>>> print(open('work_27.cif').read())   # mmCIF, C-alpha atoms
data_model
#
loop_
_atom_site.label_atom_id
_atom_site.label_comp_id
_atom_site.auth_asym_id
_atom_site.auth_seq_id
_atom_site.Cartn_x
_atom_site.Cartn_y
_atom_site.Cartn_z
CA MET U 964 10.22 -19.32 3.74
CA HIS U 965 9.79 -22.73 5.20
CA PRO U 966 12.12 -24.48 7.62
CA SER U 967 11.19 -28.14 7.64
CA THR U 968 10.44 -28.10 11.39
CA GLU U 969 7.66 -25.56 11.14
CA SER U 970 4.10 -26.54 11.93
CA GLY U 971 1.47 -26.44 9.19
CA ALA U 972 0.08 -23.14 10.49
CA ALA U 973 3.53 -21.60 10.71
CA VAL U 974 4.32 -22.79 7.21
CA ARG U 975 1.19 -21.09 5.87
CA GLN U 976 2.05 -17.89 7.71
CA ALA U 977 5.63 -17.92 6.44
CA THR U 978 4.49 -18.57 2.89
CA ALA U 979 2.05 -15.68 3.15
CA ARG U 980 4.88 -13.39 4.26
CA VAL U 981 6.93 -14.39 1.24
CA ILE U 982 3.98 -13.75 -1.06
CA ARG U 983 3.32 -10.34 0.47
CA ALA U 984 6.98 -9.47 0.01
CA GLY U 985 6.81 -10.67 -3.56
CA ALA U 986 3.71 -8.60 -4.20
CA ALA U 987 5.41 -5.54 -2.77
CA LEU U 988 8.42 -6.20 -4.95
CA THR U 989 6.19 -6.55 -7.98
CA LEU U 990 4.83 -3.07 -7.29
CA ALA U 991 8.33 -1.71 -6.86
CA ALA U 992 9.37 -3.33 -10.12
CA ALA U 993 6.36 -1.84 -11.84
CA LEU U 994 7.36 1.56 -10.54
CA THR U 995 10.82 0.96 -11.91
CA LEU U 996 9.57 -0.10 -15.30
CA ALA U 997 7.09 2.73 -15.43
CA SER U 998 9.88 5.28 -15.63
CA SER U 999 11.10 3.90 -18.94
CA ALA U 1000 10.14 2.64 -22.35
CA SER U 1001 12.12 -0.17 -23.92
CA ALA U 1002 12.98 1.99 -26.89
CA GLY U 1003 14.68 4.32 -24.45
CA ALA U 1004 12.15 7.12 -24.62
CA VAL U 1005 8.66 7.91 -23.35
CA ALA U 1006 7.03 11.01 -24.72
CA ALA U 1007 5.52 13.14 -21.99
CA ASP U 1008 1.75 13.50 -21.97
CA SER U 1009 0.59 17.07 -22.26
CA ASP U 1010 -0.91 16.83 -18.77
CA HIS U 1011 2.20 15.31 -17.16
CA ASP U 1012 5.54 16.86 -16.37
CA HIS U 1013 7.77 13.92 -17.26
CA PRO U 1014 11.13 13.93 -19.05
CA ALA U 1015 10.95 13.10 -22.75
CA THR U 1016 13.61 10.46 -22.34
CA ALA U 1017 14.39 7.90 -19.66
CA PRO U 1018 17.03 5.20 -19.19
CA PRO U 1019 16.15 2.16 -21.30
CA ALA U 1020 15.12 -1.09 -19.65
CA PHE U 1021 15.65 -4.22 -21.69
CA LEU U 1022 15.66 -7.91 -21.00
CA PRO U 1023 19.09 -9.47 -21.54
CA GLU U 1024 19.60 -10.69 -25.07
CA PRO U 1025 19.26 -14.45 -25.62
CA THR U 1026 22.55 -16.26 -26.19
CA GLY U 1027 21.29 -18.85 -28.68
CA ASP U 1028 21.67 -18.57 -32.45
CA ARG U 1029 17.95 -18.55 -33.27
CA PRO U 1030 15.68 -15.51 -33.43
CA VAL U 1031 12.67 -15.69 -31.13
CA GLY U 1032 8.99 -15.44 -32.01
CA THR U 1033 6.07 -15.18 -29.64
CA THR U 1034 2.29 -15.43 -29.55
CA VAL U 1035 -0.47 -15.45 -26.93
CA LEU U 1036 -3.22 -18.05 -26.46
CA HIS U 1037 -6.44 -17.99 -24.43
CA LEU U 1038 -7.44 -21.53 -23.42
CA VAL U 1039 -10.71 -22.55 -21.75
CA ASP U 1040 -11.22 -25.95 -20.10
CA GLU U 1041 -14.97 -26.44 -20.18
CA GLU U 1042 -14.62 -29.79 -18.40
CA ARG U 1043 -13.05 -28.41 -15.22
CA GLU U 1044 -14.37 -25.90 -12.69
CA ASP U 1045 -12.03 -23.21 -11.44
CA VAL U 1046 -11.26 -24.03 -7.80
CA TRP U 1047 -10.85 -20.35 -6.87
CA ALA U 1048 -13.67 -18.58 -8.68
CA GLY U 1049 -16.04 -21.17 -10.17
CA GLY U 1050 -16.89 -21.40 -13.84
CA PRO U 1051 -14.71 -23.02 -16.50
CA ARG U 1052 -10.97 -23.02 -15.88
CA GLU U 1053 -9.15 -20.50 -18.09
CA LEU U 1054 -5.49 -19.94 -18.90
CA MET U 1055 -3.56 -17.20 -20.63
CA VAL U 1056 -0.46 -18.64 -22.27
CA THR U 1057 2.48 -17.01 -24.01
CA LEU U 1058 4.50 -19.14 -26.41
CA TRP U 1059 8.10 -18.29 -27.24
CA TYR U 1060 9.63 -20.31 -30.07
CA PRO U 1061 12.53 -20.43 -32.55
CA ALA U 1062 11.53 -18.09 -35.36
CA ARG U 1063 12.21 -18.40 -39.07
CA ALA U 1064 13.60 -14.87 -39.27
CA ASP U 1065 14.27 -11.89 -37.02
CA VAL U 1066 11.61 -9.64 -38.50
CA GLY U 1067 8.68 -7.61 -37.23
CA ARG U 1068 8.17 -5.56 -34.09
CA PRO U 1069 9.35 -6.67 -30.65
CA ALA U 1070 6.53 -7.87 -28.43
CA PRO U 1071 5.49 -5.62 -25.52
CA TYR U 1072 6.22 -6.71 -21.98
CA MET U 1073 2.52 -6.73 -21.02
CA THR U 1074 -0.83 -5.67 -22.47
CA GLU U 1075 -2.14 -2.14 -22.34
CA ALA U 1076 -4.89 -3.17 -19.90
CA GLU U 1077 -2.40 -4.88 -17.59
CA SER U 1078 -0.20 -1.80 -17.76
CA ALA U 1079 -3.10 0.52 -17.01
CA ALA U 1080 -4.20 -1.60 -14.05
CA THR U 1081 -0.69 -1.53 -12.61
CA VAL U 1082 -0.26 2.20 -13.10
CA GLU U 1083 -3.67 2.93 -11.57
CA GLY U 1084 -3.16 0.52 -8.70
CA LEU U 1085 0.09 2.26 -7.79
CA GLY U 1086 -1.34 5.71 -8.25
CA LEU U 1087 1.44 6.59 -10.68
CA ASP U 1088 1.37 9.92 -12.51
CA LEU U 1089 2.25 8.23 -15.80
CA PRO U 1090 0.57 7.40 -19.09
CA ALA U 1091 -1.52 4.29 -18.68
CA ASP U 1092 0.33 2.41 -21.43
CA THR U 1093 3.83 2.96 -20.01
CA LEU U 1094 4.41 -0.68 -19.05
CA HIS U 1095 2.95 -1.83 -22.35
CA ARG U 1096 5.86 -0.02 -24.01
CA ILE U 1097 8.46 -2.23 -22.36
CA ARG U 1098 9.79 -4.42 -25.13
CA THR U 1099 11.33 -7.85 -25.17
CA ASN U 1100 13.66 -9.62 -27.61
CA ALA U 1101 10.82 -11.67 -29.15
CA ARG U 1102 8.90 -10.80 -32.32
CA SER U 1103 5.12 -11.10 -32.29
CA GLY U 1104 3.41 -13.57 -34.58
CA VAL U 1105 6.34 -14.44 -36.84
CA PRO U 1106 6.43 -17.98 -38.33
CA PRO U 1107 8.45 -20.60 -36.45
CA ALA U 1108 11.68 -22.03 -37.79
CA PHE U 1109 11.47 -25.03 -40.08
CA LEU U 1110 11.23 -28.40 -38.39
CA ARG U 1111 14.39 -30.26 -37.47
CA ASP U 1112 14.72 -33.75 -36.03
CA GLY U 1113 10.99 -34.21 -35.52
CA GLY U 1114 10.22 -30.92 -33.81
CA PHE U 1115 11.30 -28.68 -30.95
CA PRO U 1116 11.06 -29.85 -27.33
CA LEU U 1117 8.48 -28.02 -25.21
CA VAL U 1118 9.23 -26.43 -21.83
CA VAL U 1119 6.34 -25.17 -19.68
CA LEU U 1120 7.03 -22.22 -17.37
CA SER U 1121 4.98 -21.66 -14.20
CA PRO U 1122 5.46 -18.37 -12.27
CA GLY U 1123 5.36 -17.71 -8.56
CA ALA U 1124 2.25 -16.85 -6.54
CA GLY U 1125 0.70 -13.57 -7.60
CA LEU U 1126 3.26 -13.11 -10.38
CA SER U 1127 2.56 -13.41 -14.08
CA ARG U 1128 4.20 -15.35 -16.87
CA THR U 1129 5.79 -12.05 -17.94
CA GLN U 1130 8.23 -12.33 -15.04
CA MET U 1131 9.90 -15.36 -16.68
CA SER U 1132 10.32 -13.80 -20.13
CA ALA U 1133 14.13 -13.73 -20.11
CA LEU U 1134 14.37 -17.44 -19.35
CA ALA U 1135 11.71 -18.23 -21.95
CA GLU U 1136 13.48 -16.22 -24.64
CA GLU U 1137 16.76 -17.93 -23.80
CA LEU U 1138 15.22 -21.37 -24.19
CA ALA U 1139 13.57 -20.42 -27.47
CA SER U 1140 16.85 -19.08 -28.87
CA HIS U 1141 18.38 -22.51 -28.17
CA GLY U 1142 15.70 -24.45 -30.02
CA PHE U 1143 12.92 -25.02 -27.49
CA VAL U 1144 9.30 -23.93 -27.51
CA ALA U 1145 8.58 -22.29 -24.14
CA ALA U 1146 5.02 -21.95 -22.84
CA GLY U 1147 4.51 -19.47 -19.99
CA VAL U 1148 1.23 -20.05 -18.16
CA ASP U 1149 -0.82 -17.58 -16.17
CA HIS U 1150 -2.89 -19.88 -13.96
CA ALA U 1151 -6.19 -18.03 -13.50
CA HIS U 1152 -6.63 -16.30 -10.11
CA GLU U 1153 -3.07 -17.24 -9.15
CA ALA U 1154 -1.49 -14.32 -11.04
CA ALA U 1155 -2.35 -10.63 -11.36
CA PRO U 1156 -3.01 -8.46 -13.24
CA VAL U 1157 -3.86 -10.74 -16.16
CA GLU U 1158 -5.95 -9.70 -19.15
CA PHE U 1159 -8.38 -12.24 -20.56
CA PRO U 1160 -10.26 -11.52 -23.81
CA ASP U 1161 -13.37 -10.41 -21.95
CA ARG U 1162 -12.03 -8.99 -18.69
CA LEU U 1163 -9.07 -8.04 -16.54
CA VAL U 1164 -8.30 -10.11 -13.42
CA THR U 1165 -6.49 -7.99 -10.86
CA GLU U 1166 -6.49 -10.20 -7.76
CA CYS U 1167 -4.72 -13.41 -6.81
CA THR U 1168 -7.61 -15.21 -5.13
CA GLY U 1169 -5.57 -18.37 -4.72
CA CYS U 1170 -2.83 -16.47 -2.88
CA ARG U 1171 -5.29 -15.33 -0.21
CA SER U 1172 -6.47 -18.90 0.36
CA GLY U 1173 -3.12 -20.24 1.56
CA GLU U 1174 -3.99 -23.56 -0.12
CA TRP U 1175 -0.56 -24.11 -1.65
CA ALA U 1176 -0.85 -27.88 -2.04
CA LEU U 1177 -4.24 -27.54 -3.72
CA GLY U 1178 -2.80 -24.90 -6.01
CA ALA U 1179 0.06 -27.18 -7.05
CA VAL U 1180 -2.36 -29.97 -7.96
CA ASN U 1181 -4.51 -27.43 -9.78
CA ARG U 1182 -1.53 -26.19 -11.78
CA ALA U 1183 -0.55 -29.74 -12.71
CA GLU U 1184 -4.04 -30.18 -14.14
CA ASP U 1185 -3.58 -26.90 -16.01
CA VAL U 1186 -0.42 -28.30 -17.58
CA SER U 1187 -2.21 -31.49 -18.64
CA PHE U 1188 -4.89 -29.40 -20.31
CA LEU U 1189 -2.26 -27.22 -21.97
CA LEU U 1190 -0.54 -30.29 -23.43
CA ASP U 1191 -3.87 -31.54 -24.75
CA ARG U 1192 -4.42 -28.21 -26.52
CA LEU U 1193 -0.90 -27.86 -27.86
CA THR U 1194 -0.21 -31.42 -28.96
CA GLY U 1195 -3.66 -33.04 -29.36
CA SER U 1196 -5.78 -33.62 -32.45
CA ASP U 1197 -7.27 -30.09 -32.38
CA PRO U 1198 -4.32 -27.86 -31.49
CA ALA U 1199 -4.90 -24.32 -30.27
CA TRP U 1200 -1.83 -22.95 -32.05
CA ARG U 1201 -1.70 -22.94 -35.84
CA TRP U 1202 1.96 -24.03 -35.79
CA SER U 1203 1.69 -26.67 -33.08
CA ARG U 1204 3.20 -29.19 -35.46
CA VAL U 1205 6.66 -27.79 -34.66
CA ILE U 1206 6.35 -29.10 -31.07
CA ASP U 1207 7.74 -32.54 -30.28
CA ALA U 1208 5.09 -33.95 -27.94
CA ASP U 1209 7.46 -36.72 -26.82
CA ARG U 1210 9.96 -34.28 -25.29
CA VAL U 1211 8.38 -32.07 -22.64
CA GLY U 1212 9.91 -30.34 -19.61
CA MET U 1213 8.78 -27.83 -17.01
CA VAL U 1214 10.38 -25.11 -14.88
CA GLY U 1215 8.65 -23.14 -12.16
CA HIS U 1216 9.49 -20.39 -9.70
CA SER U 1217 8.33 -20.59 -6.06
CA TRP U 1218 4.70 -21.87 -6.21
CA GLY U 1219 5.48 -22.76 -9.80
CA GLY U 1220 8.38 -24.89 -8.55
CA THR U 1221 5.97 -26.72 -6.27
CA ALA U 1222 3.72 -27.29 -9.27
CA THR U 1223 6.65 -28.58 -11.32
CA ALA U 1224 7.28 -31.41 -8.87
CA GLU U 1225 3.59 -32.26 -8.70
CA THR U 1226 3.31 -32.23 -12.49
CA LEU U 1227 6.25 -34.63 -12.82
CA ARG U 1228 4.48 -36.94 -10.40
CA ALA U 1229 1.05 -36.76 -12.00
CA GLU U 1230 1.57 -36.16 -15.72
CA GLU U 1231 3.36 -38.89 -17.65
CA ARG U 1232 3.95 -36.64 -20.66
CA VAL U 1233 6.27 -34.29 -18.70
CA ASP U 1234 9.74 -35.80 -18.62
CA ALA U 1235 11.95 -33.50 -16.50
CA GLY U 1236 11.73 -30.36 -14.40
CA ILE U 1237 13.49 -27.56 -12.51
CA ASN U 1238 12.23 -26.06 -9.26
CA LEU U 1239 13.45 -22.46 -8.86
CA ASP U 1240 13.40 -22.03 -5.09
CA GLY U 1241 9.99 -23.45 -4.25
CA PRO U 1242 8.56 -25.72 -1.53
CA TYR U 1243 7.24 -29.27 -1.87
CA TYR U 1244 3.84 -30.44 -0.69
CA ALA U 1245 1.77 -33.61 -0.75
CA PRO U 1246 1.12 -35.65 -2.72
CA ALA U 1247 4.49 -35.12 -4.45
CA VAL U 1248 6.49 -34.93 -1.22
CA ASP U 1249 4.81 -38.12 0.07
CA GLU U 1250 5.05 -40.21 -3.07
CA GLY U 1251 8.29 -38.85 -4.52
CA VAL U 1252 9.25 -38.41 -8.16
CA ASP U 1253 11.05 -40.86 -10.43
CA LYS U 1254 11.95 -38.38 -13.21
CA PRO U 1255 14.82 -35.90 -13.47
CA LEU U 1256 14.27 -33.01 -11.07
CA ALA U 1257 16.64 -30.20 -10.11
CA LEU U 1258 16.27 -27.67 -7.30
CA ILE U 1259 18.01 -24.30 -7.45
CA GLU U 1260 17.64 -22.79 -4.00
CA ASN U 1261 18.43 -19.35 -2.60
CA ASP U 1262 21.53 -18.50 -0.59
CA GLN U 1263 19.85 -16.51 2.17
CA GLY U 1264 19.71 -19.31 4.73
CA ASN U 1265 16.04 -20.00 4.07
CA ARG U 1266 15.06 -23.53 3.14
CA TRP U 1267 11.60 -24.17 1.82
CA HIS U 1268 9.07 -26.53 3.33
CA GLY U 1269 9.44 -30.14 2.22
CA VAL U 1270 12.87 -29.84 0.59
CA ASP U 1271 14.68 -32.14 3.03
CA GLN U 1272 11.81 -34.66 2.98
CA MET U 1273 11.66 -34.67 -0.81
CA TRP U 1274 15.33 -35.30 -1.50
CA PRO U 1275 15.46 -39.01 -0.53
CA ARG U 1276 12.20 -39.60 -2.43
CA LEU U 1277 13.69 -38.57 -5.76
CA SER U 1278 14.50 -41.88 -7.44
CA GLY U 1279 15.38 -40.50 -10.87
CA TRP U 1280 18.21 -38.17 -11.86
CA ARG U 1281 18.44 -35.41 -9.27
CA GLN U 1282 20.52 -32.35 -8.50
CA TRP U 1283 20.30 -29.90 -5.62
CA ILE U 1284 22.00 -26.57 -6.29
CA ARG U 1285 22.47 -23.55 -4.05
CA LEU U 1286 23.01 -20.48 -6.22
CA GLU U 1287 25.67 -18.68 -4.22
CA GLY U 1288 24.72 -15.13 -3.31
CA SER U 1289 21.20 -15.44 -4.72
CA GLY U 1290 17.79 -14.51 -3.37
CA HIS U 1291 14.34 -15.96 -3.88
CA SER U 1292 13.69 -14.24 -7.23
CA SER U 1293 17.13 -14.28 -8.83
CA GLY U 1294 15.80 -16.40 -11.69
CA THR U 1295 13.17 -13.82 -12.72
CA ASP U 1296 13.44 -10.63 -14.79
CA ARG U 1297 12.63 -8.13 -12.09
CA GLY U 1298 15.97 -7.46 -10.45
CA VAL U 1299 17.68 -6.80 -13.78
CA LEU U 1300 15.03 -4.31 -14.84
CA MET U 1301 15.08 -2.50 -11.51
CA GLU U 1302 18.85 -2.17 -11.48
CA GLN U 1303 19.01 -0.86 -15.05
CA LEU U 1304 16.88 2.08 -14.01
CA GLY U 1305 18.77 2.82 -10.81
CA LEU U 1306 15.86 2.08 -8.48
CA THR U 1307 17.41 -0.56 -6.27
CA GLY U 1308 16.65 1.83 -3.41
CA ALA U 1309 12.93 1.15 -3.90
CA LEU U 1310 13.50 -1.79 -1.55
CA THR U 1311 15.17 -1.89 1.83
CA PRO U 1312 18.50 -3.72 1.88
CA GLU U 1313 16.79 -6.59 3.68
CA GLN U 1314 14.05 -6.83 1.04
CA TRP U 1315 16.58 -6.69 -1.76
CA SER U 1316 18.68 -9.48 -0.21
CA ALA U 1317 15.62 -11.66 0.34
CA GLN U 1318 14.62 -11.34 -3.30
CA PHE U 1319 17.95 -11.00 -5.14
CA GLY U 1320 20.71 -11.68 -2.64
CA ASP U 1321 24.07 -9.95 -3.07
CA ILE U 1322 25.11 -11.50 -6.39
CA PRO U 1323 24.88 -9.08 -9.34
CA VAL U 1324 21.33 -9.48 -10.57
CA GLY U 1325 22.39 -9.95 -14.18
CA ARG U 1326 24.80 -12.68 -13.16
CA GLY U 1327 22.15 -14.49 -11.15
CA LEU U 1328 19.70 -14.47 -14.04
CA ASP U 1329 22.40 -15.54 -16.50
CA LEU U 1330 23.30 -18.54 -14.32
CA VAL U 1331 19.68 -19.67 -14.11
CA ARG U 1332 19.32 -19.32 -17.88
CA ALA U 1333 22.54 -21.25 -18.50
CA TYR U 1334 21.51 -24.04 -16.14
CA GLY U 1335 18.04 -24.21 -17.69
CA VAL U 1336 19.39 -24.61 -21.22
CA ALA U 1337 21.90 -27.25 -20.12
CA PHE U 1338 19.32 -29.18 -18.10
CA PHE U 1339 16.71 -29.37 -20.84
CA ASP U 1340 19.24 -29.97 -23.59
CA HIS U 1341 20.51 -32.99 -21.70
CA HIS U 1342 17.23 -34.43 -20.47
CA LEU U 1343 15.07 -33.69 -23.52
CA ARG U 1344 17.64 -33.91 -26.34
CA GLY U 1345 20.37 -36.13 -24.91
CA GLY U 1346 23.04 -33.45 -25.22
CA GLU U 1347 26.34 -33.73 -23.38
CA GLN U 1348 26.44 -30.99 -20.78
CA PRO U 1349 29.56 -30.52 -18.62
CA LEU U 1350 27.60 -27.98 -16.58
CA LEU U 1351 25.40 -30.75 -15.20
CA ASP U 1352 28.33 -33.09 -14.59
CA ASP U 1353 30.28 -30.47 -12.64
CA PRO U 1354 28.23 -27.31 -12.03
CA GLU U 1355 30.82 -25.69 -9.76
CA GLY U 1356 33.60 -26.43 -12.22
CA VAL U 1357 31.78 -24.51 -14.94
CA HIS U 1358 30.24 -21.79 -12.76
CA PRO U 1359 31.59 -21.58 -9.17
CA GLU U 1360 28.36 -19.98 -7.95
CA LEU U 1361 26.41 -23.20 -8.66
CA VAL U 1362 27.21 -24.99 -5.41
CA VAL U 1363 26.15 -28.63 -5.37
CA ILE U 1364 24.31 -29.63 -2.21
CA GLY U 1365 23.33 -33.08 -3.42
CA PRO U 1366 24.16 -35.02 -6.61
#
>>> encode(input="work_27.cif", output="structure tokens")
Amino acid sequence: MHPSTESGAAVRQATARVIRAGAALTLAAALTLASSASAGAVAADSDHDHPATAPPAFLPEPTGDRPVGTTVLHLVDEEREDVWAGGPRELMVTLWYPARADVGRPAPYMTEAESAATVEGLGLDLPADTLHRIRTNARSGVPPAFLRDGGFPLVVLSPGAGLSRTQMSALAEELASHGFVAAGVDHAHEAAPVEFPDRLVTECTGCRSGEWALGAVNRAEDVSFLLDRLTGSDPAWRWSRVIDADRVGMVGHSWGGTATAETLRAEERVDAGINLDGPYYAPAVDEGVDKPLALIENDQGNRWHGVDQMWPRLSGWRQWIRLEGSGHSSGTDRGVLMEQLGLTGALTPEQWSAQFGDIPVGRGLDLVRAYGVAFFDHHLRGGEQPLLDDPEGVHPELVVIGP
């Protein structure tokens, strides 16, 4: 993590340590998930001596009153070269949205190819499709709910370095159940493993570069392209008409939080954002942001690079929250899934605290989901939200550092 007094080289080294820890945690989470299917049972392969049943691992149910649908898009920007690998810039995007009815099969947690790559990479003695069997609360391909009040606001989700959009599924489902369209973006070569229609990308090339500021600018350009494809004259999604292009927000974790601030600075169509425990870099930290921006930081005594410099340069609505007892990844799915399967011991106590703190992991995720819904309801729909007026009064763990 990034104390503000660190030199540039030290900042890069510290960020790399966080990313390596996150990658290790991703593997541990995959090991956790691999021991279960979301239906609560995994049939043993004839060549494997595995129990026929395993503890179920589910994402927490959304609290909104709308069923959730989901679909996946592959987007190619022929006008922009990929800064990490050359060739046209590509994105894999999952949309979660209010559905017309709660019908159909739950969507898998990841694709079969992504599951197989994870199982092979870990050397697990498990069926290759084990992680594919992890289900969510969203239904694949179902029609969206009928339009109300001109459409549903859009919230873009940007994951941390080396992590995929899958890791933010619980937050995305929660937003969708409350009447938002959520778009989780896998920024090519900044997440792994990610399956594209013609190949599987298993390395985070951008992570190895250490070019975090460049990556944030790159992600902001990804978001601009995504908005063009979702709300432009030739939309990539058949039901894009349900999106209200005039009400757009963004939330990002870690590197995705960095990208959220940069996107608010650079993209006029994005109106408000939440940074889930990420640093700030130029140009955003130099120029500031004049739109609503919230920071939810960890409670492990680690403050990210640029946070103190950025605060006085926020001229719009702003809120700085320390989630009491939290770790760096408390706003993601992983801790909940690991705990459900009794594999918290896959990490050392120090690793667990760094990632999830000492707050119950379900509570930490619930607080991030509650804050996210309140924030975007207020800033994109004009809703009255006591949680934003007095976070600690509603949830004592949401400690206000700066109003």
>>> resolve_selection(input="work_27.cif", expression="the PyMOL selection byres ((chain U and resi 1054-1056) around 9)", output="compact mmCIF listing (two decimals) with C-alpha atoms, in the frame of the given file")
# COMPACT_ATOMS: atom_id res chain seq x y z
CA THR U 1034 2.29 -15.43 -29.55
CA VAL U 1035 -0.47 -15.45 -26.93
CA LEU U 1036 -3.22 -18.05 -26.46
CA HIS U 1037 -6.44 -17.99 -24.43
CA LEU U 1038 -7.44 -21.53 -23.42
CA VAL U 1039 -10.71 -22.55 -21.75
CA ASP U 1040 -11.22 -25.95 -20.10
CA ARG U 1052 -10.97 -23.02 -15.88
CA GLU U 1053 -9.15 -20.50 -18.09
CA THR U 1057 2.48 -17.01 -24.01
CA LEU U 1058 4.50 -19.14 -26.41
CA ARG U 1128 4.20 -15.35 -16.87
CA ALA U 1146 5.02 -21.95 -22.84
CA GLY U 1147 4.51 -19.47 -19.99
CA VAL U 1148 1.23 -20.05 -18.16
CA ASP U 1149 -0.82 -17.58 -16.17
CA HIS U 1150 -2.89 -19.88 -13.96
CA ALA U 1151 -6.19 -18.03 -13.50
CA VAL U 1157 -3.86 -10.74 -16.16
CA GLU U 1158 -5.95 -9.70 -19.15
CA PHE U 1159 -8.38 -12.24 -20.56
CA ASP U 1185 -3.58 -26.90 -16.01
CA LEU U 1189 -2.26 -27.22 -21.97
>>> closest_residue(input="work_27.cif", among="U:Glu1174, U:Glu1287, U:Asp1191, U:Glu1250", to="Gly1264 in chain U", atoms="only C-alpha atoms")
U:Glu1287
>>> resolve_selection(input="work_27.cif", expression="the PyMOL selection byres ((chain U and resi 1247) around 9)", output="short mmCIF file (atom, residue, chain, number, x, y, z; two decimals) with C-alpha atoms, keeping the file's coordinate frame")
data_model
loop_
_atom_site.label_atom_id
_atom_site.label_comp_id
_atom_site.auth_asym_id
_atom_site.auth_seq_id
_atom_site.Cartn_x
_atom_site.Cartn_y
_atom_site.Cartn_z
CA THR U 1221 5.97 -26.72 -6.27
CA ALA U 1224 7.28 -31.41 -8.87
CA GLU U 1225 3.59 -32.26 -8.70
CA THR U 1226 3.31 -32.23 -12.49
CA LEU U 1227 6.25 -34.63 -12.82
CA ARG U 1228 4.48 -36.94 -10.40
CA ALA U 1229 1.05 -36.76 -12.00
CA TYR U 1243 7.24 -29.27 -1.87
CA TYR U 1244 3.84 -30.44 -0.69
CA ALA U 1245 1.77 -33.61 -0.75
CA PRO U 1246 1.12 -35.65 -2.72
CA VAL U 1248 6.49 -34.93 -1.22
CA ASP U 1249 4.81 -38.12 0.07
CA GLU U 1250 5.05 -40.21 -3.07
CA GLY U 1251 8.29 -38.85 -4.52
CA VAL U 1252 9.25 -38.41 -8.16
CA MET U 1273 11.66 -34.67 -0.81
#
>>> closest_residue(input="work_27.cif", among="U:Pro1069, U:Pro1025, U:Gly1178, U:Gly1356", to="Ala1133 in chain U", atoms="all atoms listed in the file")
U:Pro1025
>>> resolve_selection(input="work_27.cif", expression="the PyMOL selection byres ((chain U and resi 1135) around 8)", output="VMD selection string")
chain U and resid 1059 1120 1131 to 1134 1136 to 1139 1145 to 1147
>>> atom_distance(input="work_27.cif", atom1="CA of Phe1021 in chain U", atom2="CA of Leu1300 in chain U")
6.9 Å
>>> atom_distance(input="work_27.cif", atom1="CA of Ile1259 in chain U", atom2="CA of Ile1237 in chain U")
7.5 Å
>>> closest_atom_pairs(input="work_27.cif", of="range 1181-1275 of chain U", to="range 1322-1341 of chain U", cutoff="10 Å", atoms="all atoms listed in the file", output="tab-separated table")
residue	atom	partner	partner_atom	distance
U:Arg1210	CA	U:Phe1339	CA	9.5
U:Val1211	CA	U:Phe1339	CA	8.9
U:Gly1212	CA	U:Phe1339	CA	7.0
U:Met1213	CA	U:Phe1339	CA	8.9
U:Val1214	CA	U:Gly1335	CA	8.2
U:Asp1234	CA	U:Phe1339	CA	9.7
U:Ala1235	CA	U:Phe1339	CA	7.7
U:Gly1236	CA	U:Phe1339	CA	8.2
U:Ile1237	CA	U:Gly1335	CA	7.7
U:Leu1239	CA	U:Val1331	CA	8.6
U:Pro1255	CA	U:Phe1338	CA	9.3
U:Leu1256	CA	U:Phe1338	CA	9.5
U:Ala1257	CA	U:Phe1338	CA	8.5
U:Ile1259	CA	U:Val1331	CA	8.3
U:Asp1262	CA	U:Ile1322	CA	9.8
>>> atom_distance(input="work_27.cif", atom1="CA of Val1046 in chain U", atom2="CA of Glu1184 in chain U")
11.4 Å
>>> residues_around(input="work_27.cif", residues="Arg1111 in chain U", least_positions_apart="5", cutoff="12 Å", atoms="all atoms listed in the file", output="PyMOL selection string")
chain U and resi 1061+1116+1142-1143+1204-1207
>>> residues_around(input="work_27.cif", residues="Ala1064 in chain U", least_positions_apart="5", cutoff="8 Å", atoms="only C-alpha atoms", output="number ranges by chain")
U: 1030, 1105-1106, 1108
>>> closest_residue(input="work_27.cif", among="U:Arg1029, U:Arg1266, U:Arg1276, U:Arg1297", to="His1141 in chain U", atoms="only C-alpha atoms")
U:Arg1029
>>> closest_residue(input="work_27.cif", among="U:Gly1365, U:Gly1173, U:Pro1107, U:Gly1027", to="Val1144 in chain U", atoms="all atoms listed in the file")
U:Pro1107
>>> closest_atom_pairs(input="work_27.cif", of="range 1163-1188 of chain U", to="range 1124-1127 of chain U", cutoff="12 Å", atoms="all atoms listed in the file", output="tab-separated table")
residue	atom	partner	partner_atom	distance
U:Val1164	CA	U:Gly1125	CA	11.3
U:Thr1165	CA	U:Gly1125	CA	9.7
U:Glu1166	CA	U:Gly1125	CA	7.9
U:Cys1167	CA	U:Gly1125	CA	5.5
U:Thr1168	CA	U:Gly1125	CA	8.8
U:Gly1169	CA	U:Ala1124	CA	8.2
U:Cys1170	CA	U:Ala1124	CA	6.3
U:Arg1171	CA	U:Gly1125	CA	9.7
U:Ser1172	CA	U:Ala1124	CA	11.3
U:Gly1173	CA	U:Ala1124	CA	10.3
U:Glu1174	CA	U:Ala1124	CA	11.2
U:Trp1175	CA	U:Ala1124	CA	9.2
U:Gly1178	CA	U:Ala1124	CA	9.5
U:Ala1179	CA	U:Ala1124	CA	10.6
U:Arg1182	CA	U:Ala1124	CA	11.4
>>> write_last_selection(input="work_27.cif", atoms="C-alpha atoms", output="short mmCIF file (atom, residue, chain, number, x, y, z; two decimals), in the frame of the given file")
data_model
loop_
_atom_site.label_atom_id
_atom_site.label_comp_id
_atom_site.auth_asym_id
_atom_site.auth_seq_id
_atom_site.Cartn_x
_atom_site.Cartn_y
_atom_site.Cartn_z
CA VAL U 1164 -8.30 -10.11 -13.42
CA THR U 1165 -6.49 -7.99 -10.86
CA GLU U 1166 -6.49 -10.20 -7.76
CA CYS U 1167 -4.72 -13.41 -6.81
CA THR U 1168 -7.61 -15.21 -5.13
CA GLY U 1169 -5.57 -18.37 -4.72
CA CYS U 1170 -2.83 -16.47 -2.88
CA ARG U 1171 -5.29 -15.33 -0.21
CA SER U 1172 -6.47 -18.90 0.36
CA GLY U 1173 -3.12 -20.24 1.56
CA GLU U 1174 -3.99 -23.56 -0.12
CA TRP U 1175 -0.56 -24.11 -1.65
CA GLY U 1178 -2.80 -24.90 -6.01
CA ALA U 1179 0.06 -27.18 -7.05
CA ARG U 1182 -1.53 -26.19 -11.78
#
